[in-house]
Amino acid sequence: MRRLLLAAAALAAMAGAAAAQDYPTKPVTIVVPFSAGGPTDTVTRLVAEPMSKSLGQQIVVQNVAGAGGTLAAGQVARARPDGYTVLMHHIGMSTAPSLYKNLPYDPLKDLQTIGLVTDVPMTIIARKDFPPKTLEELVAYVKENKDKLTYANAGIGAASHLCGLLLMKAIGADVTTVPYQGTGPALTDLVGGQVDFMCDQTTNTTGQIKAGEVKAYAVTTKERLKSLPDLPTADEAGLPGFEVSVWHGLYVPAGTPEPVVQKLNAALQAALKDENVASRFAELGTAPVAAELATPEAHKERLSSQIELWRPIIEAAGVMAK
Amino acid sequence: MPKSVKDLLAGLAFIAFGLAFGYAALGYELGTALRMGPGYFPLVLAGILVALGIGVIVEGMLAGEGGDIGTVPWRGAALILGALVFFGYAVQGLGLAPTLFVTVFLAALASQRTGIPTAALLALALTAFCIAIFVYGLGVTLPLVGPWLPV
Amino acid sequence: MDLLSHLALGFETALSPVNVLYCFVGVLLGTMVGVLPGIGPTATIAMLLPITFNFEPVTALIMLAGIYYGAQYGGSTTAILINLPGESSSAVTAIDGYVMARKGRAGPALATAALGSFFAGTVATLILAVAAPPLARIALRFGPPEYFSLIVLGLIASIALAHGSVVKALAMIVLGLLLGMVGQDIYTGTPRFTFGFFELYSGINFVSVAVGVFGVAEILRNLEHETTREVGIRHVSNLWLTKEDFKRVAAPILRGTALGAALGILPGGGHVLSSFASYSLEKRVSRRPQEFGNGAIEGVAGPESANNAAAQTSFIPLLTLGIPAHPVMALIIGAFIIQGITPGPNVINDEPALFWGIIVSMWVGNLMLVLLNLPLIGIWVKMLTIPYNVLFPAIIAFASIGTYSINFNAFDIYAIVVLGVIGYLLVKLGCEPAPLLLGFVLGPLLEEHLRRAMIISRGDPMIFLTRPISAGLLIAAALILIVTILPSVRKKREEVFVEED
């Protein structure tokens with residue numbers, strides 16, 4: 001036993017002392033702040049496979065769900081800055097400082113960006129017997145009937161919540177929100193006609209749209225999607241400039257040595273060029289970001305601008321976890 | 001005086017829980033019955049719990065179960081709870097193998113029939129068994145040896 | 001005749017050697033994680049998800065589904081043998097199953113669970129094959145008010161879980177409801193009862209509560225008498241059911257199957273209620289209600305059948321609408337997505353081999369489970385002869401790793417400690433843990449649906465009475481309450497005296 005312990009300790013010491021130049025010498029963990037099987041988890045697992053090939057080490061995906069993703073982010077922010085603990089997070093990284101008072105970490109100071117991964121588009125959808133036929137009609141209808149309608153979201157800080165807030169701001173109405181615990185139940189009630197409309201990621205909505213179970217009005221990206229070619233963009237359908245996407249990015253704890261960051265970034269860049277990743281992303285209704293966005297600088301820029309974008313919107317909506 | 005000490009204590013425990021939850025719930029926005037805030041539902045439940053706690057005491061007075069409380073295995077409880085706390089505290093830092101060994105060792109000592117050699121043996125066997133099942137069998141992503149150990 | 005050709009396609013898919021193999025691997029793994037305390041199907045499927053990347057989609061889904069319903073079988077084993085339910089549903093099985101085991105009747109209890117589950121699984125799979133799409137439509141008519149009323153009905157019916165004092169059982173339910181409130185309020189984001197810990201924002205983990213109030217509390221109870229009496233079970237009377245047993249379990253299995261199959265279809269909390277509802281029903285219709293809680297075999301047969309029927313029919317919303325009924329289903333949706341299949345109502349038409357293959361594989365899997373589990377009963381019962389001072393450290397070890405591996409959150413372990421202490425004290429004071437667990441599971445749902453219904457109705461409480469399904473459920477709840485309170489006031493008083501803990 002003693003010998004075993006000694007051997008184990010020696011092995012661990014070797015790993016710990018390994019220079020950043022040799023990185024990685026042991027499996028790398030990517031922490032996903034949401035449960036397995038969700039959109040973020042899927043994106044992570046798809047990217048992890050080719051990344052592990054270029055790093056020459058196994059990548060372990062660990063799901064640390066809780067507190068809207070802040071639990072995992074806090075855990076990674078406090079982890080050793082050696083590049084073996086990596087975080088995949090989405091747009092929620094930029095809204096957490098406005099949503100959570102006393103956040104135990106500062107997204108800009110305690111975490112180092114590696115690069116953006118993908119921008120998942122969102123769709124504006126409604127129950128199938130909802131009267132408006134186009135987005136323009138929807139805007140008018142919502143304004144007119146704002147006291148009678150309800151719209152769903154998947155919980156505080158969820159992508160659907162953020163998109164809904166932005167939509168309300170764009171329409172200029174304040175419709176009653178019905179929050180749910182996750183997308184599943186929200187979509188159930190929308191398909192069942194219990195609530196009127198919502199805005200959610202294509203990963204969740206494409207199947208329902210194609211089957212005609214929900215009425216789709218627009219996609220929230222600049223260009224139309226290959227998977228839903230008939231669906232206009234919000235910009236062309238009556239909400240000029242309305243654009244929102246669930247952007248995903250990779251992070252390591254601040255203080256991680258530069259060569260390690262470089263290596264992770266190179267692995268990410270290679271993964272985004274991988275054909276399998278591209279085709280799987282397309283099936284999800286999304287695409288890898290352009291190479292110039294998959295850099296630490298572009299990612300940091302996106303993070304800080306998004307923090308500023310969301311702060312006033314969230315404060316105006318009066319949702320804050322005290 | 002209630003016939004049953006058990007019922008009296010159980011009732012008091014429920015009342016205490018009710019008061020504690022109720023007090024905390026008062027700190028949250030209550031809203032109205034029509035537009036409930038986060039504190040409304042817990043406050044109502046806390047009130048019901050206090051009432052039920054009183055009900056348990058009254059029932060005990062009328063038709064108590066009788067019987068004394070019996071012994072509490074203080075040493076065993078301390079060792080088992082300590083073992084669990086140690087696991088939670090150390091597993092990420094020490095890694096699964098050493099943490100589990102200590103946890104099982106402490107837990108095993110909770111039994112007065114288990115001496116130190118038996119406990120150590122049991123800890124060794126169970127640690128090996130669990131690592132085989134959970135780490136190699138099911139692929140639990142826990143490091144066997146954690147970052148605290150290297151010098 | 002459409003159905004026949006569909007089933008033929010299903011059999012062709014499900015019986016291909018690869019699929020049979022992985023179906024077996026799935027149910028075997030499921031049984032294993034079901035038996036191990038702490039680790040459950042959610043954590044297992046999450047961990048095994050990446051392995052299935054390289055499989056054919058239908059093979060992957062057959063295996064994952066197998067893990068899910070295999071774990072339902074395995075979970076009852078632990079509940080019966082060591083009073084540690086892995087899922088809320090098996091908490092009910094523990095009530096009478098564990099007493100049976102302590103009386104040396106672990107064999108019949110386990111056999112009943114296996115046979116009931118197999119029967120229920122077969123019927124529910126048939127329902128799935130014949131009527132999945134129309135049933136899913138019915139389920140969609142359940143909105144927040146209906147779910148609220150359903151849960152109220154469930155809570156009131158579950159007073160029957162108590163075999164001692166009704167007041168104490170009610171208090172345990174309410175305490176459970178309150179513990180369920182811990183965490184971030186989904187409507188405002190306000191963290192409640194979290195003492196400022198971010199780790200508690202998502203609430204207390206169900207597994208922590210189950211391991212604490214059942215597992216740890218039971219271990220501490222057993223350590224009390226360690227020096228004075230043997231804790232283990234010395235004599236085991238028989239492994240198989242007697243003729244009398246068969247007679248007693250037939251009707252409960254039928255009723256449990258029907259009830260479970262119906263509740264399982266409802267994605268908003270139906271499957272959680274199934275086993276509790278079945279237990280209440282059995283106790284109410286039984287001519288010997290006083291035996292419930294003292295090792296009534298009906299109390300194992302009904303809930304186990306209901307639970308397994310619900311496990312199968314809870315696939316209906318998933319397969320026909322692409323809507324997950326609970327976390328395990330959400331993971332399976334993830335598996336669909338990773339496999340490049342867009343989950344949704346089109347799966348049934350676009351991927352008929354997948355749809356029918358999974359359905360048929362469920363029946364195949366259930367058959368495998370019963371064939372796997374019946375011979376295992378002998379081994380499980382032998383496990384009871386393991387000295388208790390070896391068994392309980394093993395329970396602690398399994399429970400720690402299992403619970404920790406769900407979220408890698410140390411708080412889930414600390415929660416076991418806190419709830420273990422609370423559970424031990426309350427059990428010692430004559431309270432029962434099952435109602436607490438029920439309240440804990442249903443609390444968040446109850447509040448969520450109540451508040452959501454009020455939002456949708458713009459603050460008009462009449463919504464619960466003007467919607468016919470909701471009104472019907474509430475009337476049923478009121479009737480049960482009246483029927484329970486009137487005679488039980490007298491009867492329960494007597495029982496209290498008769499029963500020695």
# chains A, B, ... in the order shown; residues from 1 in each chain; ligands from 1
$ residues_around --residues "range 99-107 of chain B" --least-positions-apart "3" --cutoff "7 Å" --atoms "only C-alpha atoms" --output "PyMOL selection string"
(chain B and resi 79-80+83-84+86-87+90-91+94-96+110+119-120+123-124+127) or (chain C and resi 393+397)
$ write_last_selection --atoms "N, CA, C and O atoms" --output "CSV table (one decimal), in the first residue's frame"
chain,number,residue,atom,x,y,z
B,79,LEU,N,-18.5,9.2,13.5
B,79,LEU,CA,-17.5,8.6,12.5
B,79,LEU,C,-18.2,8.6,11.1
B,79,LEU,O,-17.5,8.9,10.2
B,80,ILE,N,-19.4,8.2,11.1
B,80,ILE,CA,-20.0,8.1,9.7
B,80,ILE,C,-20.2,9.4,9.1
B,80,ILE,O,-19.9,9.7,7.9
B,83,ALA,N,-16.9,10.8,8.1
B,83,ALA,CA,-16.4,10.1,6.9
B,83,ALA,C,-17.0,10.8,5.7
B,83,ALA,O,-16.3,11.1,4.7
B,84,LEU,N,-18.3,11.1,5.7
B,84,LEU,CA,-19.0,11.7,4.6
B,84,LEU,C,-18.5,13.1,4.3
B,84,LEU,O,-18.2,13.5,3.2
B,86,PHE,N,-15.6,14.3,5.2
B,86,PHE,CA,-14.3,14.2,4.7
B,86,PHE,C,-14.3,13.9,3.2
B,86,PHE,O,-13.6,14.5,2.4
B,87,PHE,N,-15.2,13.0,2.7
B,87,PHE,CA,-15.3,12.7,1.3
B,87,PHE,C,-15.6,13.9,0.5
B,87,PHE,O,-14.9,14.2,-0.5
B,90,ALA,N,-12.6,16.4,0.5
B,90,ALA,CA,-11.2,16.0,0.0
B,90,ALA,C,-11.2,15.4,-1.4
B,90,ALA,O,-10.2,15.4,-2.0
B,91,VAL,N,-12.4,14.9,-1.9
B,91,VAL,CA,-12.3,14.1,-3.1
B,91,VAL,C,-11.7,14.8,-4.3
B,91,VAL,O,-10.9,14.2,-5.0
B,94,LEU,N,-7.7,15.5,-3.0
B,94,LEU,CA,-6.8,14.3,-2.8
B,94,LEU,C,-6.9,13.3,-3.9
B,94,LEU,O,-6.1,12.4,-4.1
B,95,GLY,N,-8.1,13.3,-4.6
B,95,GLY,CA,-8.3,12.3,-5.6
B,95,GLY,C,-9.1,11.2,-5.0
B,95,GLY,O,-9.3,11.1,-3.8
B,96,LEU,N,-9.7,10.3,-5.8
B,96,LEU,CA,-10.6,9.3,-5.4
B,96,LEU,C,-10.0,8.3,-4.5
B,96,LEU,O,-10.6,7.9,-3.4
B,110,ALA,N,-17.1,2.9,12.7
B,110,ALA,CA,-18.4,3.2,13.4
B,110,ALA,C,-19.0,2.0,14.1
B,110,ALA,O,-19.7,2.1,15.1
B,119,ALA,N,-10.8,-2.7,9.7
B,119,ALA,CA,-11.3,-1.5,9.0
B,119,ALA,C,-10.3,-1.1,7.9
B,119,ALA,O,-10.8,-0.8,6.8
B,120,ALA,N,-9.0,-1.3,8.1
B,120,ALA,CA,-8.1,-0.9,7.1
B,120,ALA,C,-8.2,-1.9,5.9
B,120,ALA,O,-8.2,-1.5,4.7
B,123,ALA,N,-11.3,-1.1,4.0
B,123,ALA,CA,-11.1,0.1,3.3
B,123,ALA,C,-10.3,-0.2,2.0
B,123,ALA,O,-10.7,0.3,0.9
B,124,LEU,N,-9.3,-1.0,2.1
B,124,LEU,CA,-8.5,-1.3,1.0
B,124,LEU,C,-9.3,-2.0,-0.1
B,124,LEU,O,-9.3,-1.7,-1.3
B,127,THR,N,-12.1,0.2,-1.6
B,127,THR,CA,-11.5,1.2,-2.5
B,127,THR,C,-11.2,0.6,-3.9
B,127,THR,O,-11.6,1.2,-4.9
C,393,PRO,N,-20.3,0.1,5.6
C,393,PRO,CA,-19.3,1.0,5.0
C,393,PRO,C,-19.3,0.9,3.5
C,393,PRO,O,-19.1,1.9,2.8
C,397,ALA,N,-19.6,4.1,0.9
C,397,ALA,CA,-18.7,4.3,-0.2
C,397,ALA,C,-19.4,4.5,-1.5
C,397,ALA,O,-19.2,5.4,-2.2
$ closest_atom_pairs --of "chain A" --to "chain C" --cutoff "6 Å" --atoms "only C-alpha atoms" --output "tab-separated table"
residue	atom	partner	partner_atom	distance
A:Ala36	CA	C:Ala46	CA	5.5
A:Gly37	CA	C:Gly334	CA	3.7
A:Gly38	CA	C:Gly334	CA	5.8
A:Val64	CA	C:Asn407	CA	5.0
A:Gly66	CA	C:Ser202	CA	5.2
A:Ala67	CA	C:Tyr201	CA	5.0
A:Gly155	CA	C:Ile186	CA	5.9
A:Ile156	CA	C:Gly189	CA	6.0
A:Pro179	CA	C:Tyr187	CA	5.8
A:Gly184	CA	C:Pro324	CA	5.7
A:Gly192	CA	C:Leu140	CA	4.8
A:Gly207	CA	C:Gly344	CA	4.6
A:Gln208	CA	C:Gly344	CA	5.5
A:Ala211	CA	C:Asn346	CA	5.8
A:Ala321	CA	C:Thr190	CA	4.6
A:Lys322	CA	C:Thr190	CA	5.9
$ select_by_dssp --residues "range 15-236 of chain A" --states "alpha helix (DSSP H)" --output "PyMOL selection string"
chain A and resi 15-17+39-55+70-78+92-99+135-144+159-171+183-191+202-211+234-236
$ closest_residue --among "C:Val99, C:Val27, C:Leu110, C:Leu223" --to "Ile62 in chain C" --atoms "only C-alpha atoms"
C:Val27
$ interface_residues --of "chain B" --to "chain A" --cutoff "9 Å" --atoms "only C-alpha atoms" --output "ChimeraX atom specification"
/B:98,124,141,144-147,149-151
$ residues_around --residues "range 73-79 of chain C" --least-positions-apart "4" --cutoff "9 Å" --atoms "only C-alpha atoms" --output "ChimeraX atom specification"
/C:30-37,40,69,83-87,89-95,97-98,110,113-114,117,304,308,369-370,373,377,380
$ residues_around --residues "range 33-44 of chain B" --least-positions-apart "5" --cutoff "6 Å" --atoms "only C-alpha atoms" --output "mmCIF file with N, CA and C atoms, in the first residue's frame"
data_model
loop_
_atom_site.group_PDB
_atom_site.id
_atom_site.type_symbol
_atom_site.label_atom_id
_atom_site.label_comp_id
_atom_site.auth_asym_id
_atom_site.auth_seq_id
_atom_site.Cartn_x
_atom_site.Cartn_y
_atom_site.Cartn_z
ATOM 1 N N GLY B 22 -40.193 29.783 8.092
ATOM 2 C CA GLY B 22 -41.081 30.939 8.037
ATOM 3 C C GLY B 22 -40.305 32.236 8.201
ATOM 4 N N ALA B 25 -38.458 32.905 5.112
ATOM 5 C CA ALA B 25 -39.360 33.261 4.017
ATOM 6 C C ALA B 25 -39.784 34.715 4.111
ATOM 7 N N TYR B 28 -38.049 37.196 1.951
ATOM 8 C CA TYR B 28 -38.249 37.255 0.505
ATOM 9 C C TYR B 28 -39.542 37.987 0.214
ATOM 10 N N GLY C 459 -54.271 35.898 -12.459
ATOM 11 C CA GLY C 459 -54.636 36.026 -11.051
ATOM 12 C C GLY C 459 -56.038 35.578 -10.712
#
$ residues_around --residues "Asp200 in chain A" --least-positions-apart "4" --cutoff "7 Å" --atoms "only C-alpha atoms" --output "PyMOL selection string"
chain A and resi 122-124+159-160+204-205
$ closest_residue --among "C:Cys431, C:Leu81, C:Leu64, C:Val417" --to "Gly11 in chain B" --atoms "only C-alpha atoms"
C:Cys431
$ select_by_dssp --residues "range 47-205 of chain A" --states "strand (DSSP E)" --output "PyMOL selection string"
chain A and resi 59-63+85-89+111-127+150-153+176-179+197-201
$ closest_residue --among "B:Ala128, B:Ile133, B:Val140, B:Val58" --to "chain C" --atoms "only C-alpha atoms"
B:Val140
$ decode --residues "range 45-57 of chain A" --atoms "all heavy atoms" --output "PDB file, in the first residue's frame"
ATOM      1  N   ARG A  45     -19.115  18.368 -26.779  1.00  0.00           N
ATOM      2  CA  ARG A  45     -18.662  17.027 -27.126  1.00  0.00           C
ATOM      3  C   ARG A  45     -18.252  16.933 -28.591  1.00  0.00           C
ATOM      4  O   ARG A  45     -17.320  16.217 -28.942  1.00  0.00           O
ATOM      5  CB  ARG A  45     -19.742  16.008 -26.782  1.00  0.00           C
ATOM      6  CG  ARG A  45     -19.897  15.845 -25.283  1.00  0.00           C
ATOM      7  CD  ARG A  45     -20.945  14.825 -24.930  1.00  0.00           C
ATOM      8  NE  ARG A  45     -21.364  14.964 -23.539  1.00  0.00           N
ATOM      9  CZ  ARG A  45     -20.800  14.328 -22.524  1.00  0.00           C
ATOM     10  NH1 ARG A  45     -19.811  13.507 -22.728  1.00  0.00           N
ATOM     11  NH2 ARG A  45     -21.231  14.518 -21.294  1.00  0.00           N
ATOM     12  N   LEU A  46     -18.970  17.661 -29.443  1.00  0.00           N
ATOM     13  CA  LEU A  46     -18.613  17.632 -30.857  1.00  0.00           C
ATOM     14  C   LEU A  46     -17.240  18.251 -31.085  1.00  0.00           C
ATOM     15  O   LEU A  46     -16.443  17.750 -31.874  1.00  0.00           O
ATOM     16  CB  LEU A  46     -19.679  18.362 -31.688  1.00  0.00           C
ATOM     17  CG  LEU A  46     -21.025  17.632 -31.803  1.00  0.00           C
ATOM     18  CD1 LEU A  46     -22.036  18.479 -32.565  1.00  0.00           C
ATOM     19  CD2 LEU A  46     -20.858  16.286 -32.490  1.00  0.00           C
ATOM     20  N   VAL A  47     -16.954  19.335 -30.385  1.00  0.00           N
ATOM     21  CA  VAL A  47     -15.672  20.014 -30.570  1.00  0.00           C
ATOM     22  C   VAL A  47     -14.535  19.260 -29.868  1.00  0.00           C
ATOM     23  O   VAL A  47     -13.404  19.264 -30.329  1.00  0.00           O
ATOM     24  CB  VAL A  47     -15.761  21.466 -30.036  1.00  0.00           C
ATOM     25  CG1 VAL A  47     -14.435  22.164 -30.180  1.00  0.00           C
ATOM     26  CG2 VAL A  47     -16.833  22.230 -30.771  1.00  0.00           C
ATOM     27  N   ALA A  48     -14.878  18.618 -28.743  1.00  0.00           N
ATOM     28  CA  ALA A  48     -13.839  17.971 -27.936  1.00  0.00           C
ATOM     29  C   ALA A  48     -13.119  16.869 -28.702  1.00  0.00           C
ATOM     30  O   ALA A  48     -11.919  16.677 -28.543  1.00  0.00           O
ATOM     31  CB  ALA A  48     -14.449  17.401 -26.656  1.00  0.00           C
ATOM     32  N   GLU A  49     -13.880  16.160 -29.539  1.00  0.00           N
ATOM     33  CA  GLU A  49     -13.285  15.019 -30.232  1.00  0.00           C
ATOM     34  C   GLU A  49     -12.082  15.421 -31.105  1.00  0.00           C
ATOM     35  O   GLU A  49     -10.978  14.927 -30.894  1.00  0.00           O
ATOM     36  CB  GLU A  49     -14.363  14.305 -31.035  1.00  0.00           C
ATOM     37  CG  GLU A  49     -14.082  12.827 -31.200  1.00  0.00           C
ATOM     38  CD  GLU A  49     -15.169  12.171 -32.033  1.00  0.00           C
ATOM     39  OE1 GLU A  49     -16.316  12.156 -31.573  1.00  0.00           O
ATOM     40  OE2 GLU A  49     -14.866  11.713 -33.145  1.00  0.00           O
ATOM     41  N   PRO A  50     -12.264  16.345 -32.075  1.00  0.00           N
ATOM     42  CA  PRO A  50     -11.088  16.743 -32.866  1.00  0.00           C
ATOM     43  C   PRO A  50     -10.036  17.499 -32.056  1.00  0.00           C
ATOM     44  O   PRO A  50      -8.846  17.396 -32.334  1.00  0.00           O
ATOM     45  CB  PRO A  50     -11.676  17.644 -33.956  1.00  0.00           C
ATOM     46  CG  PRO A  50     -13.005  18.061 -33.463  1.00  0.00           C
ATOM     47  CD  PRO A  50     -13.499  16.968 -32.575  1.00  0.00           C
ATOM     48  N   MET A  51     -10.473  18.234 -31.018  1.00  0.00           N
ATOM     49  CA  MET A  51      -9.482  18.945 -30.192  1.00  0.00           C
ATOM     50  C   MET A  51      -8.546  17.954 -29.513  1.00  0.00           C
ATOM     51  O   MET A  51      -7.342  18.183 -29.416  1.00  0.00           O
ATOM     52  CB  MET A  51     -10.190  19.785 -29.110  1.00  0.00           C
ATOM     53  CG  MET A  51     -10.612  21.161 -29.589  1.00  0.00           C
ATOM     54  SD  MET A  51     -11.272  22.164 -28.253  1.00  0.00           S
ATOM     55  CE  MET A  51      -9.764  22.702 -27.438  1.00  0.00           C
ATOM     56  N   SER A  52      -9.138  16.853 -29.046  1.00  0.00           N
ATOM     57  CA  SER A  52      -8.319  15.864 -28.357  1.00  0.00           C
ATOM     58  C   SER A  52      -7.304  15.254 -29.310  1.00  0.00           C
ATOM     59  O   SER A  52      -6.174  14.945 -28.935  1.00  0.00           O
ATOM     60  CB  SER A  52      -9.232  14.818 -27.718  1.00  0.00           C
ATOM     61  OG  SER A  52      -8.953  13.537 -28.203  1.00  0.00           O
ATOM     62  N   LYS A  53      -7.707  15.119 -30.581  1.00  0.00           N
ATOM     63  CA  LYS A  53      -6.767  14.584 -31.566  1.00  0.00           C
ATOM     64  C   LYS A  53      -5.581  15.517 -31.737  1.00  0.00           C
ATOM     65  O   LYS A  53      -4.424  15.087 -31.721  1.00  0.00           O
ATOM     66  CB  LYS A  53      -7.468  14.378 -32.913  1.00  0.00           C
ATOM     67  CG  LYS A  53      -8.012  12.969 -33.058  1.00  0.00           C
ATOM     68  CD  LYS A  53      -8.631  12.758 -34.434  1.00  0.00           C
ATOM     69  CE  LYS A  53      -9.848  11.867 -34.329  1.00  0.00           C
ATOM     70  NZ  LYS A  53     -10.996  12.383 -35.061  1.00  0.00           N
ATOM     71  N   SER A  54      -5.841  16.823 -31.867  1.00  0.00           N
ATOM     72  CA  SER A  54      -4.703  17.708 -32.115  1.00  0.00           C
ATOM     73  C   SER A  54      -3.876  17.931 -30.852  1.00  0.00           C
ATOM     74  O   SER A  54      -2.686  18.218 -30.945  1.00  0.00           O
ATOM     75  CB  SER A  54      -5.139  19.034 -32.748  1.00  0.00           C
ATOM     76  OG  SER A  54      -6.344  19.474 -32.237  1.00  0.00           O
ATOM     77  N   LEU A  55      -4.495  17.799 -29.659  1.00  0.00           N
ATOM     78  CA  LEU A  55      -3.697  17.947 -28.437  1.00  0.00           C
ATOM     79  C   LEU A  55      -2.930  16.668 -28.122  1.00  0.00           C
ATOM     80  O   LEU A  55      -1.990  16.683 -27.334  1.00  0.00           O
ATOM     81  CB  LEU A  55      -4.601  18.292 -27.244  1.00  0.00           C
ATOM     82  CG  LEU A  55      -5.189  19.694 -27.206  1.00  0.00           C
ATOM     83  CD1 LEU A  55      -6.167  19.834 -26.057  1.00  0.00           C
ATOM     84  CD2 LEU A  55      -4.089  20.739 -27.085  1.00  0.00           C
ATOM     85  N   GLY A  56      -3.369  15.563 -28.727  1.00  0.00           N
ATOM     86  CA  GLY A  56      -2.709  14.296 -28.445  1.00  0.00           C
ATOM     87  C   GLY A  56      -3.001  13.779 -27.045  1.00  0.00           C
ATOM     88  O   GLY A  56      -2.244  12.995 -26.497  1.00  0.00           O
ATOM     89  N   GLN A  57      -4.076  14.251 -26.461  1.00  0.00           N
ATOM     90  CA  GLN A  57      -4.487  13.781 -25.134  1.00  0.00           C
ATOM     91  C   GLN A  57      -5.993  13.600 -25.117  1.00  0.00           C
ATOM     92  O   GLN A  57      -6.716  14.263 -25.859  1.00  0.00           O
ATOM     93  CB  GLN A  57      -4.103  14.807 -24.061  1.00  0.00           C
ATOM     94  CG  GLN A  57      -2.677  14.689 -23.556  1.00  0.00           C
ATOM     95  CD  GLN A  57      -2.420  13.419 -22.771  1.00  0.00           C
ATOM     96  OE1 GLN A  57      -3.343  12.757 -22.315  1.00  0.00           O
ATOM     97  NE2 GLN A  57      -1.140  13.068 -22.630  1.00  0.00           N
TER      98      GLN A  57
END
